[in-house]
Amino acid sequence: MPTIKEPEYNYTTYDLFPTLAWKVRSPYKFNNTEKKYITEQLNKQNIISNGLGNYTSKNNRILDHPILEDFKTECIKHLNNYYDYAYQPIDPPTFYITQSWLNRTRYEETHLNHAHSNSFLSAVYYYKTLSSSNDSEKDRIRFWTPVPHAHWETPAKTYTLYNSRTWDVYVSTGDLIVFPSWFQHSVPHKKTTGDRISLAFNSFFKGTMGHEDSLNELTLR
């Protein structure tokens with residue numbers, strides 16, 4: 001808890017109830033068979049406009065294919081780790097992936113603000129990004145504040161996690177972002193040529209929530 005010192009006052013700040021967005025660099029290396037499968041899913045006949053400003057694979061069960069079974073296991077591991085870190089459960093549930101799909105974003109394309117319904121945790125793996133020394137051109141995911149007072153806006157000397165309506169997380173090839181599915185997010189217009197390829201997925205869990213003595217026990221199978 002940082003303390004702000006002024007001549008007459010000391011202010012102690014409490015960062016209460018934050019929303020966790022988790023970025024991890026995955027060590028996973030795709031083999032040639034996996035790469036070929038992903039490329040096939042991005043061919044012209046296998047990809048469609050998603051209505052949000054870029055393109056999505058027709059196949060929305062990408063990770064259900066046996067070819068990507070090992071990578072799917074890697075993704076589920078990070079979902080479980082996120083939940084364990086964020087919620088510190090006594091009896092951790094087991095996560096499983098519901099739907100998964102590829103996104104392709106080209107120059108001047110975007111991905112409009114949205115959230116993922118009927119999912120507990122969502123994630124995006126960055127299969128291909130383009131590096132840049134210019135911040136305005138770097139690949140990123142943009143999160144939108146869920147705080148109700150966000151409609152009050154005033155010019156700021158410096159934008160922080162307290163006064164910003166959006167916050168950009170820069171990403172590189174191999175990064176995996178995990179976040180609550182209700183968390184609104186988007187992708188700004190791409191300012192570089194070439195494709196940016198990401199693999200997104202939703203998830204839910206199996207296990208027991210709540211407690212019998214609290215009259216809120218729920219078992220999900």
# chains A, B, ... in the order shown; residues from 1 in each chain; ligands from 1
call {"tool": "closest_atom_pairs", "arguments": {"of": "region 1-85 of chain A", "to": "region 173-197 of chain A", "cutoff": "6 Å", "atoms": "only C-alpha atoms", "output": "tab-separated table"}}
result
residue	atom	partner	partner_atom	distance
A:Ala21	CA	A:Phe179	CA	4.6
A:Trp22	CA	A:Val178	CA	5.0
A:Lys23	CA	A:Ile177	CA	4.5
A:Val24	CA	A:Leu176	CA	5.3
A:Arg25	CA	A:Asp175	CA	4.5
A:Ser26	CA	A:Gly174	CA	5.5
call {"tool": "write_last_selection", "arguments": {"atoms": "all heavy atoms", "output": "mmCIF file, in the first residue's frame"}}
result
data_model
loop_
_atom_site.group_PDB
_atom_site.id
_atom_site.type_symbol
_atom_site.label_atom_id
_atom_site.label_comp_id
_atom_site.auth_asym_id
_atom_site.auth_seq_id
_atom_site.Cartn_x
_atom_site.Cartn_y
_atom_site.Cartn_z
ATOM 1 N N ALA A 21 -5.993 -9.587 -14.991
ATOM 2 C CA ALA A 21 -5.689 -10.041 -16.348
ATOM 3 C C ALA A 21 -4.264 -10.569 -16.300
ATOM 4 O O ALA A 21 -3.345 -9.854 -15.907
ATOM 5 C CB ALA A 21 -5.830 -8.907 -17.354
ATOM 6 N N TRP A 22 -4.069 -11.797 -16.701
ATOM 7 C CA TRP A 22 -2.815 -12.505 -16.499
ATOM 8 C C TRP A 22 -2.131 -12.720 -17.848
ATOM 9 O O TRP A 22 -2.709 -13.304 -18.762
ATOM 10 C CB TRP A 22 -3.131 -13.848 -15.860
ATOM 11 C CG TRP A 22 -1.967 -14.639 -15.356
ATOM 12 C CD1 TRP A 22 -0.682 -14.612 -15.800
ATOM 13 C CD2 TRP A 22 -1.995 -15.604 -14.305
ATOM 14 N NE1 TRP A 22 0.085 -15.490 -15.094
ATOM 15 C CE2 TRP A 22 -0.689 -16.126 -14.166
ATOM 16 C CE3 TRP A 22 -3.002 -16.095 -13.474
ATOM 17 C CZ2 TRP A 22 -0.364 -17.098 -13.240
ATOM 18 C CZ3 TRP A 22 -2.666 -17.063 -12.553
ATOM 19 C CH2 TRP A 22 -1.378 -17.553 -12.426
ATOM 20 N N LYS A 23 -0.885 -12.259 -17.975
ATOM 21 C CA LYS A 23 -0.099 -12.521 -19.187
ATOM 22 C C LYS A 23 1.059 -13.440 -18.837
ATOM 23 O O LYS A 23 1.803 -13.185 -17.894
ATOM 24 C CB LYS A 23 0.433 -11.225 -19.807
ATOM 25 C CG LYS A 23 1.253 -11.470 -21.079
ATOM 26 C CD LYS A 23 1.603 -10.176 -21.809
ATOM 27 C CE LYS A 23 2.768 -9.461 -21.152
ATOM 28 N NZ LYS A 23 3.262 -8.342 -22.009
ATOM 29 N N VAL A 24 1.213 -14.512 -19.608
ATOM 30 C CA VAL A 24 2.303 -15.450 -19.383
ATOM 31 C C VAL A 24 2.934 -15.784 -20.732
ATOM 32 O O VAL A 24 2.234 -15.900 -21.737
ATOM 33 C CB VAL A 24 1.801 -16.735 -18.676
ATOM 34 C CG1 VAL A 24 0.730 -17.428 -19.485
ATOM 35 C CG2 VAL A 24 2.960 -17.680 -18.368
ATOM 36 N N ARG A 25 4.253 -15.873 -20.758
ATOM 37 C CA ARG A 25 4.929 -16.301 -21.982
ATOM 38 C C ARG A 25 4.987 -17.826 -21.989
ATOM 39 O O ARG A 25 5.677 -18.425 -21.171
ATOM 40 C CB ARG A 25 6.337 -15.701 -22.037
ATOM 41 C CG ARG A 25 7.192 -16.185 -23.212
ATOM 42 C CD ARG A 25 6.572 -15.865 -24.568
ATOM 43 N NE ARG A 25 6.380 -14.459 -24.756
ATOM 44 C CZ ARG A 25 7.314 -13.641 -25.266
ATOM 45 N NH1 ARG A 25 8.489 -14.122 -25.613
ATOM 46 N NH2 ARG A 25 7.055 -12.361 -25.422
ATOM 47 N N SER A 26 4.264 -18.428 -22.898
ATOM 48 C CA SER A 26 4.215 -19.884 -22.964
ATOM 49 C C SER A 26 5.468 -20.416 -23.661
ATOM 50 O O SER A 26 5.873 -19.912 -24.718
ATOM 51 C CB SER A 26 2.966 -20.338 -23.728
ATOM 52 O OG SER A 26 3.007 -21.729 -23.946
#
call {"tool": "select_by_dssp", "arguments": {"residues": "region 62-175 of chain A", "states": "strand (DSSP E)", "output": "PyMOL selection string"}}
result
chain A and resi 94-105+111-114+121-128+140-144+166-170+175
call {"tool": "residues_around", "arguments": {"residues": "Trp167 (chain A)", "least_positions_apart": "5", "cutoff": "7 Å", "atoms": "only C-alpha atoms", "output": "ChimeraX atom specification"}}
result
/A:142-144
call {"tool": "write_last_selection", "arguments": {"atoms": "C-alpha atoms", "output": "CSV table (one decimal), in the first residue's frame"}}
result
chain,number,residue,atom,x,y,z
A,142,ARG,CA,-7.2,-3.3,-24.8
A,143,PHE,CA,-9.3,-3.7,-21.6
A,144,TRP,CA,-12.2,-1.4,-20.7
call {"tool": "select_by_dssp", "arguments": {"residues": "region 3-199 of chain A", "states": "alpha helix (DSSP H)", "output": "compact mmCIF listing (two decimals) with all heavy atoms, in the first residue's frame"}}
result
# COMPACT_ATOMS: atom_id res chain seq x y z
N ASN A 32 5.63 -29.06 -36.94
CA ASN A 32 5.21 -28.77 -38.32
C ASN A 32 3.79 -29.23 -38.60
O ASN A 32 3.06 -28.58 -39.35
CB ASN A 32 6.19 -29.42 -39.31
CG ASN A 32 7.54 -28.75 -39.32
OD1 ASN A 32 7.65 -27.56 -38.98
ND2 ASN A 32 8.57 -29.47 -39.71
N THR A 33 3.38 -30.35 -37.99
CA THR A 33 2.02 -30.85 -38.19
C THR A 33 1.00 -29.87 -37.59
O THR A 33 -0.04 -29.59 -38.20
CB THR A 33 1.86 -32.23 -37.55
OG1 THR A 33 2.80 -33.14 -38.13
CG2 THR A 33 0.45 -32.77 -37.76
N GLU A 34 1.30 -29.35 -36.41
CA GLU A 34 0.41 -28.39 -35.76
C GLU A 34 0.34 -27.09 -36.56
O GLU A 34 -0.74 -26.51 -36.76
CB GLU A 34 0.91 -28.11 -34.34
CG GLU A 34 0.80 -29.31 -33.42
CD GLU A 34 1.55 -29.11 -32.12
OE1 GLU A 34 2.62 -28.47 -32.14
OE2 GLU A 34 1.06 -29.58 -31.07
N LYS A 35 1.49 -26.63 -37.04
CA LYS A 35 1.53 -25.40 -37.84
C LYS A 35 0.72 -25.56 -39.13
O LYS A 35 0.00 -24.65 -39.54
CB LYS A 35 2.97 -25.04 -38.17
CG LYS A 35 3.80 -24.57 -36.98
CD LYS A 35 5.23 -24.29 -37.40
CE LYS A 35 6.07 -23.83 -36.22
NZ LYS A 35 7.49 -23.60 -36.63
N LYS A 36 0.84 -26.71 -39.77
CA LYS A 36 0.09 -26.96 -41.00
C LYS A 36 -1.41 -26.93 -40.73
O LYS A 36 -2.18 -26.35 -41.51
CB LYS A 36 0.50 -28.31 -41.58
CG LYS A 36 -0.22 -28.66 -42.88
CD LYS A 36 0.22 -30.02 -43.40
CE LYS A 36 -0.54 -30.38 -44.68
NZ LYS A 36 -0.16 -31.74 -45.18
N TYR A 37 -1.83 -27.53 -39.63
CA TYR A 37 -3.26 -27.54 -39.28
C TYR A 37 -3.77 -26.12 -39.06
O TYR A 37 -4.84 -25.75 -39.56
CB TYR A 37 -3.47 -28.38 -38.03
CG TYR A 37 -4.88 -28.31 -37.47
CD1 TYR A 37 -5.94 -28.92 -38.13
CD2 TYR A 37 -5.13 -27.63 -36.29
CE1 TYR A 37 -7.23 -28.86 -37.63
CE2 TYR A 37 -6.41 -27.57 -35.77
CZ TYR A 37 -7.46 -28.18 -36.45
OH TYR A 37 -8.74 -28.10 -35.94
N ILE A 38 -3.02 -25.32 -38.33
CA ILE A 38 -3.44 -23.94 -38.07
C ILE A 38 -3.51 -23.14 -39.36
O ILE A 38 -4.46 -22.39 -39.60
CB ILE A 38 -2.48 -23.28 -37.06
CG1 ILE A 38 -2.67 -23.90 -35.68
CG2 ILE A 38 -2.70 -21.76 -37.00
CD1 ILE A 38 -1.67 -23.44 -34.64
N THR A 39 -2.52 -23.31 -40.24
CA THR A 39 -2.52 -22.62 -41.53
C THR A 39 -3.75 -22.99 -42.36
O THR A 39 -4.39 -22.13 -42.99
CB THR A 39 -1.24 -22.94 -42.32
OG1 THR A 39 -0.10 -22.50 -41.57
CG2 THR A 39 -1.24 -22.25 -43.68
N GLU A 40 -4.10 -24.27 -42.35
CA GLU A 40 -5.28 -24.73 -43.10
C GLU A 40 -6.56 -24.07 -42.59
O GLU A 40 -7.47 -23.75 -43.37
CB GLU A 40 -5.40 -26.25 -43.00
CG GLU A 40 -4.35 -27.01 -43.77
CD GLU A 40 -4.39 -28.50 -43.50
OE1 GLU A 40 -5.13 -28.91 -42.58
OE2 GLU A 40 -3.69 -29.26 -44.21
N GLN A 41 -6.65 -23.86 -41.28
CA GLN A 41 -7.85 -23.24 -40.70
C GLN A 41 -7.97 -21.77 -41.05
O GLN A 41 -9.02 -21.15 -40.87
CB GLN A 41 -7.85 -23.40 -39.18
CG GLN A 41 -7.79 -24.84 -38.69
CD GLN A 41 -8.89 -25.70 -39.29
OE1 GLN A 41 -10.07 -25.35 -39.22
NE2 GLN A 41 -8.51 -26.82 -39.89
N GLU A 69 -3.89 -31.46 -29.21
CA GLU A 69 -4.17 -31.96 -27.86
C GLU A 69 -3.13 -31.50 -26.85
O GLU A 69 -3.46 -31.10 -25.72
CB GLU A 69 -4.24 -33.48 -27.87
CG GLU A 69 -4.58 -34.09 -26.52
CD GLU A 69 -4.69 -35.60 -26.57
OE1 GLU A 69 -4.54 -36.18 -27.67
OE2 GLU A 69 -4.92 -36.22 -25.52
N ASP A 70 -1.85 -31.52 -27.23
CA ASP A 70 -0.80 -31.11 -26.30
C ASP A 70 -0.88 -29.62 -25.98
O ASP A 70 -0.69 -29.21 -24.83
CB ASP A 70 0.58 -31.44 -26.87
CG ASP A 70 0.87 -32.93 -26.90
OD1 ASP A 70 0.18 -33.68 -26.18
OD2 ASP A 70 1.78 -33.34 -27.65
N PHE A 71 -1.18 -28.82 -27.00
CA PHE A 71 -1.30 -27.38 -26.75
C PHE A 71 -2.54 -27.09 -25.91
O PHE A 71 -2.52 -26.20 -25.05
CB PHE A 71 -1.37 -26.61 -28.07
CG PHE A 71 -1.50 -25.12 -27.88
CD1 PHE A 71 -0.48 -24.40 -27.27
CD2 PHE A 71 -2.64 -24.46 -28.28
CE1 PHE A 71 -0.61 -23.04 -27.06
CE2 PHE A 71 -2.77 -23.09 -28.09
CZ PHE A 71 -1.74 -22.37 -27.48
N LYS A 72 -3.61 -27.83 -26.13
CA LYS A 72 -4.82 -27.67 -25.32
C LYS A 72 -4.51 -27.94 -23.85
O LYS A 72 -4.97 -27.21 -22.96
CB LYS A 72 -5.91 -28.60 -25.82
CG LYS A 72 -7.24 -28.47 -25.08
CD LYS A 72 -8.27 -29.42 -25.69
CE LYS A 72 -9.63 -29.27 -25.03
NZ LYS A 72 -10.65 -30.16 -25.65
N THR A 73 -3.72 -28.96 -23.58
CA THR A 73 -3.32 -29.27 -22.20
C THR A 73 -2.53 -28.11 -21.60
O THR A 73 -2.72 -27.76 -20.43
CB THR A 73 -2.47 -30.55 -22.18
OG1 THR A 73 -3.25 -31.64 -22.68
CG2 THR A 73 -2.00 -30.87 -20.77
N GLU A 74 -1.67 -27.51 -22.40
CA GLU A 74 -0.91 -26.35 -21.94
C GLU A 74 -1.84 -25.19 -21.57
O GLU A 74 -1.67 -24.54 -20.55
CB GLU A 74 0.05 -25.91 -23.06
CG GLU A 74 0.70 -24.54 -22.88
CD GLU A 74 1.88 -24.56 -21.92
OE1 GLU A 74 2.24 -25.64 -21.42
OE2 GLU A 74 2.44 -23.48 -21.68
N CYS A 75 -2.86 -24.95 -22.38
CA CYS A 75 -3.81 -23.86 -22.12
C CYS A 75 -4.61 -24.11 -20.84
O CYS A 75 -4.80 -23.20 -20.02
CB CYS A 75 -4.75 -23.69 -23.31
SG CYS A 75 -3.96 -23.10 -24.82
N ILE A 76 -5.09 -25.33 -20.67
CA ILE A 76 -5.88 -25.67 -19.48
C ILE A 76 -5.05 -25.51 -18.21
O ILE A 76 -5.55 -25.07 -17.17
CB ILE A 76 -6.45 -27.09 -19.61
CG1 ILE A 76 -7.50 -27.14 -20.72
CG2 ILE A 76 -7.05 -27.58 -18.29
CD1 ILE A 76 -8.02 -28.53 -21.03
N LYS A 77 -3.77 -25.84 -18.29
CA LYS A 77 -2.89 -25.66 -17.14
C LYS A 77 -2.89 -24.20 -16.67
O LYS A 77 -2.96 -23.93 -15.46
CB LYS A 77 -1.47 -26.08 -17.50
CG LYS A 77 -0.44 -25.82 -16.41
CD LYS A 77 0.95 -26.25 -16.84
CE LYS A 77 1.48 -25.37 -17.95
NZ LYS A 77 2.87 -25.76 -18.32
N HIS A 78 -2.85 -23.27 -17.60
CA HIS A 78 -2.81 -21.85 -17.23
C HIS A 78 -4.16 -21.36 -16.71
O HIS A 78 -4.21 -20.45 -15.87
CB HIS A 78 -2.33 -21.01 -18.41
CG HIS A 78 -0.90 -21.28 -18.77
ND1 HIS A 78 0.14 -21.02 -17.90
CD2 HIS A 78 -0.34 -21.82 -19.88
CE1 HIS A 78 1.28 -21.36 -18.47
NE2 HIS A 78 1.02 -21.85 -19.66
N LEU A 79 -5.26 -21.94 -17.19
CA LEU A 79 -6.57 -21.60 -16.63
C LEU A 79 -6.64 -22.02 -15.17
O LEU A 79 -7.09 -21.25 -14.30
CB LEU A 79 -7.68 -22.29 -17.43
CG LEU A 79 -7.89 -21.85 -18.88
CD1 LEU A 79 -8.93 -22.75 -19.54
CD2 LEU A 79 -8.33 -20.39 -18.95
N ASN A 80 -6.22 -23.24 -14.89
CA ASN A 80 -6.22 -23.72 -13.51
C ASN A 80 -5.30 -22.91 -12.62
O ASN A 80 -5.64 -22.60 -11.47
CB ASN A 80 -5.82 -25.20 -13.48
CG ASN A 80 -6.90 -26.12 -14.02
OD1 ASN A 80 -8.08 -25.93 -13.75
ND2 ASN A 80 -6.51 -27.13 -14.79
N ASN A 81 -4.13 -22.53 -13.14
CA ASN A 81 -3.18 -21.73 -12.36
C ASN A 81 -3.75 -20.34 -12.06
O ASN A 81 -3.57 -19.81 -10.96
CB ASN A 81 -1.86 -21.59 -13.11
CG ASN A 81 -1.06 -22.88 -13.11
OD1 ASN A 81 -1.36 -23.80 -12.37
ND2 ASN A 81 -0.05 -22.95 -13.96
N TYR A 82 -4.43 -19.76 -13.04
CA TYR A 82 -5.06 -18.45 -12.83
C TYR A 82 -6.07 -18.52 -11.70
O TYR A 82 -6.07 -17.70 -10.78
CB TYR A 82 -5.73 -17.98 -14.12
CG TYR A 82 -6.52 -16.69 -14.00
CD1 TYR A 82 -6.04 -15.51 -14.53
CD2 TYR A 82 -7.77 -16.65 -13.36
CE1 TYR A 82 -6.75 -14.32 -14.44
CE2 TYR A 82 -8.49 -15.47 -13.25
CZ TYR A 82 -7.97 -14.32 -13.79
OH TYR A 82 -8.69 -13.14 -13.68
N TYR A 83 -6.95 -19.52 -11.77
CA TYR A 83 -8.00 -19.63 -10.76
C TYR A 83 -7.41 -19.88 -9.38
O TYR A 83 -7.86 -19.30 -8.38
CB TYR A 83 -8.96 -20.76 -11.14
CG TYR A 83 -10.22 -20.79 -10.28
CD1 TYR A 83 -11.32 -20.03 -10.64
CD2 TYR A 83 -10.27 -21.55 -9.12
CE1 TYR A 83 -12.47 -20.04 -9.86
CE2 TYR A 83 -11.40 -21.56 -8.34
CZ TYR A 83 -12.50 -20.81 -8.70
OH TYR A 83 -13.63 -20.81 -7.92
N ASP A 84 -6.40 -20.72 -9.31
CA ASP A 84 -5.77 -21.02 -8.03
C ASP A 84 -5.14 -19.77 -7.42
O ASP A 84 -5.25 -19.53 -6.22
CB ASP A 84 -4.72 -22.12 -8.22
CG ASP A 84 -4.13 -22.60 -6.89
OD1 ASP A 84 -4.90 -23.09 -6.06
OD2 ASP A 84 -2.91 -22.47 -6.71
N TYR A 85 -4.50 -18.97 -8.26
CA TYR A 85 -3.85 -17.74 -7.79
C TYR A 85 -4.88 -16.69 -7.38
O TYR A 85 -4.76 -16.05 -6.33
CB TYR A 85 -2.95 -17.17 -8.89
CG TYR A 85 -2.29 -15.87 -8.54
CD1 TYR A 85 -1.09 -15.85 -7.83
CD2 TYR A 85 -2.86 -14.65 -8.92
CE1 TYR A 85 -0.48 -14.64 -7.49
CE2 TYR A 85 -2.25 -13.45 -8.58
CZ TYR A 85 -1.07 -13.45 -7.88
OH TYR A 85 -0.47 -12.26 -7.55
N ALA A 86 -5.91 -16.51 -8.20
CA ALA A 86 -6.87 -15.43 -7.96
C ALA A 86 -7.85 -15.74 -6.84
O ALA A 86 -8.23 -14.86 -6.06
CB ALA A 86 -7.64 -15.12 -9.25
N TYR A 87 -8.27 -17.01 -6.72
CA TYR A 87 -9.34 -17.36 -5.80
C TYR A 87 -8.89 -18.16 -4.58
O TYR A 87 -9.65 -18.28 -3.61
CB TYR A 87 -10.43 -18.14 -6.54
CG TYR A 87 -11.18 -17.28 -7.54
CD1 TYR A 87 -10.77 -17.19 -8.86
CD2 TYR A 87 -12.30 -16.55 -7.15
CE1 TYR A 87 -11.44 -16.40 -9.77
CE2 TYR A 87 -12.99 -15.77 -8.06
CZ TYR A 87 -12.55 -15.69 -9.36
OH TYR A 87 -13.23 -14.91 -10.27
call {"tool": "closest_residue", "arguments": {"among": "A:Lys58, A:Lys44, A:Ile141, A:Phe204", "to": "His114 (chain A)", "atoms": "only C-alpha atoms"}}
result
A:Ile141
call {"tool": "atom_distance", "arguments": {"atom1": "CA of Thr98 (chain A)", "atom2": "CA of Ala123 (chain A)"}}
result
11.6 Å
call {"tool": "closest_residue", "arguments": {"among": "A:Leu52, A:Ile62, A:Leu218, A:Leu20", "to": "Ala115 (chain A)", "atoms": "only C-alpha atoms"}}
result
A:Leu52
call {"tool": "decode", "arguments": {"residues": "region 61-71 of chain A", "atoms": "all heavy atoms", "output": "compact mmCIF listing (two decimals), in the first residue's frame"}}
result
# COMPACT_ATOMS: atom_id res chain seq x y z
N ARG A 61 -14.02 -24.95 -32.83
CA ARG A 61 -13.60 -26.00 -31.89
C ARG A 61 -12.16 -26.39 -32.22
O ARG A 61 -11.80 -27.57 -32.21
CB ARG A 61 -14.51 -27.22 -31.99
CG ARG A 61 -16.00 -26.93 -31.87
CD ARG A 61 -16.44 -26.80 -30.42
NE ARG A 61 -17.86 -26.49 -30.33
CZ ARG A 61 -18.53 -26.39 -29.19
NH1 ARG A 61 -17.90 -26.60 -28.04
NH2 ARG A 61 -19.82 -26.09 -29.17
N ILE A 62 -11.35 -25.41 -32.48
CA ILE A 62 -9.98 -25.62 -32.94
C ILE A 62 -9.22 -26.57 -32.02
O ILE A 62 -8.52 -27.49 -32.47
CB ILE A 62 -9.24 -24.27 -33.04
CG1 ILE A 62 -9.80 -23.42 -34.21
CG2 ILE A 62 -7.73 -24.47 -33.19
CD1 ILE A 62 -9.43 -23.93 -35.56
N LEU A 63 -9.34 -26.35 -30.72
CA LEU A 63 -8.55 -27.11 -29.76
C LEU A 63 -9.10 -28.51 -29.49
O LEU A 63 -8.51 -29.27 -28.73
CB LEU A 63 -8.41 -26.34 -28.45
CG LEU A 63 -7.55 -25.07 -28.54
CD1 LEU A 63 -7.54 -24.34 -27.20
CD2 LEU A 63 -6.13 -25.39 -28.98
N ASP A 64 -10.23 -28.84 -30.11
CA ASP A 64 -10.78 -30.18 -29.94
C ASP A 64 -10.10 -31.20 -30.88
O ASP A 64 -10.28 -32.40 -30.71
CB ASP A 64 -12.29 -30.19 -30.20
CG ASP A 64 -13.07 -29.57 -29.05
OD1 ASP A 64 -12.45 -29.24 -28.03
OD2 ASP A 64 -14.29 -29.40 -29.19
N HIS A 65 -9.36 -30.69 -31.85
CA HIS A 65 -8.70 -31.60 -32.79
C HIS A 65 -7.52 -32.30 -32.11
O HIS A 65 -6.74 -31.66 -31.40
CB HIS A 65 -8.21 -30.84 -34.02
CG HIS A 65 -7.93 -31.72 -35.19
ND1 HIS A 65 -6.85 -32.59 -35.24
CD2 HIS A 65 -8.59 -31.89 -36.37
CE1 HIS A 65 -6.85 -33.24 -36.38
NE2 HIS A 65 -7.90 -32.85 -37.08
N PRO A 66 -7.38 -33.61 -32.30
CA PRO A 66 -6.28 -34.35 -31.67
C PRO A 66 -4.90 -33.78 -31.96
O PRO A 66 -3.98 -33.93 -31.14
CB PRO A 66 -6.44 -35.77 -32.24
CG PRO A 66 -7.88 -35.87 -32.60
CD PRO A 66 -8.28 -34.50 -33.06
N ILE A 67 -4.74 -33.12 -33.11
CA ILE A 67 -3.44 -32.56 -33.47
C ILE A 67 -2.97 -31.53 -32.44
O ILE A 67 -1.78 -31.40 -32.15
CB ILE A 67 -3.49 -31.94 -34.88
CG1 ILE A 67 -3.53 -33.05 -35.94
CG2 ILE A 67 -2.30 -31.02 -35.14
CD1 ILE A 67 -3.67 -32.54 -37.36
N LEU A 68 -3.93 -30.79 -31.85
CA LEU A 68 -3.58 -29.74 -30.89
C LEU A 68 -3.83 -30.17 -29.44
O LEU A 68 -3.94 -29.32 -28.56
CB LEU A 68 -4.37 -28.46 -31.20
CG LEU A 68 -4.00 -27.75 -32.50
CD1 LEU A 68 -4.82 -26.47 -32.66
CD2 LEU A 68 -2.52 -27.43 -32.55
N GLU A 69 -3.89 -31.46 -29.21
CA GLU A 69 -4.17 -31.96 -27.86
C GLU A 69 -3.13 -31.50 -26.85
O GLU A 69 -3.46 -31.10 -25.72
CB GLU A 69 -4.24 -33.48 -27.87
CG GLU A 69 -4.58 -34.09 -26.52
CD GLU A 69 -4.69 -35.60 -26.57
OE1 GLU A 69 -4.54 -36.18 -27.67
OE2 GLU A 69 -4.92 -36.22 -25.52
N ASP A 70 -1.85 -31.52 -27.23
CA ASP A 70 -0.80 -31.11 -26.30
C ASP A 70 -0.88 -29.62 -25.98
O ASP A 70 -0.69 -29.21 -24.83
CB ASP A 70 0.58 -31.44 -26.87
CG ASP A 70 0.87 -32.93 -26.90
OD1 ASP A 70 0.18 -33.68 -26.18
OD2 ASP A 70 1.78 -33.34 -27.65
N PHE A 71 -1.18 -28.82 -27.00
CA PHE A 71 -1.30 -27.38 -26.75
C PHE A 71 -2.54 -27.09 -25.91
O PHE A 71 -2.52 -26.20 -25.05
CB PHE A 71 -1.37 -26.61 -28.07
CG PHE A 71 -1.50 -25.12 -27.88
CD1 PHE A 71 -0.48 -24.40 -27.27
CD2 PHE A 71 -2.64 -24.46 -28.28
CE1 PHE A 71 -0.61 -23.04 -27.06
CE2 PHE A 71 -2.77 -23.09 -28.09
CZ PHE A 71 -1.74 -22.37 -27.48
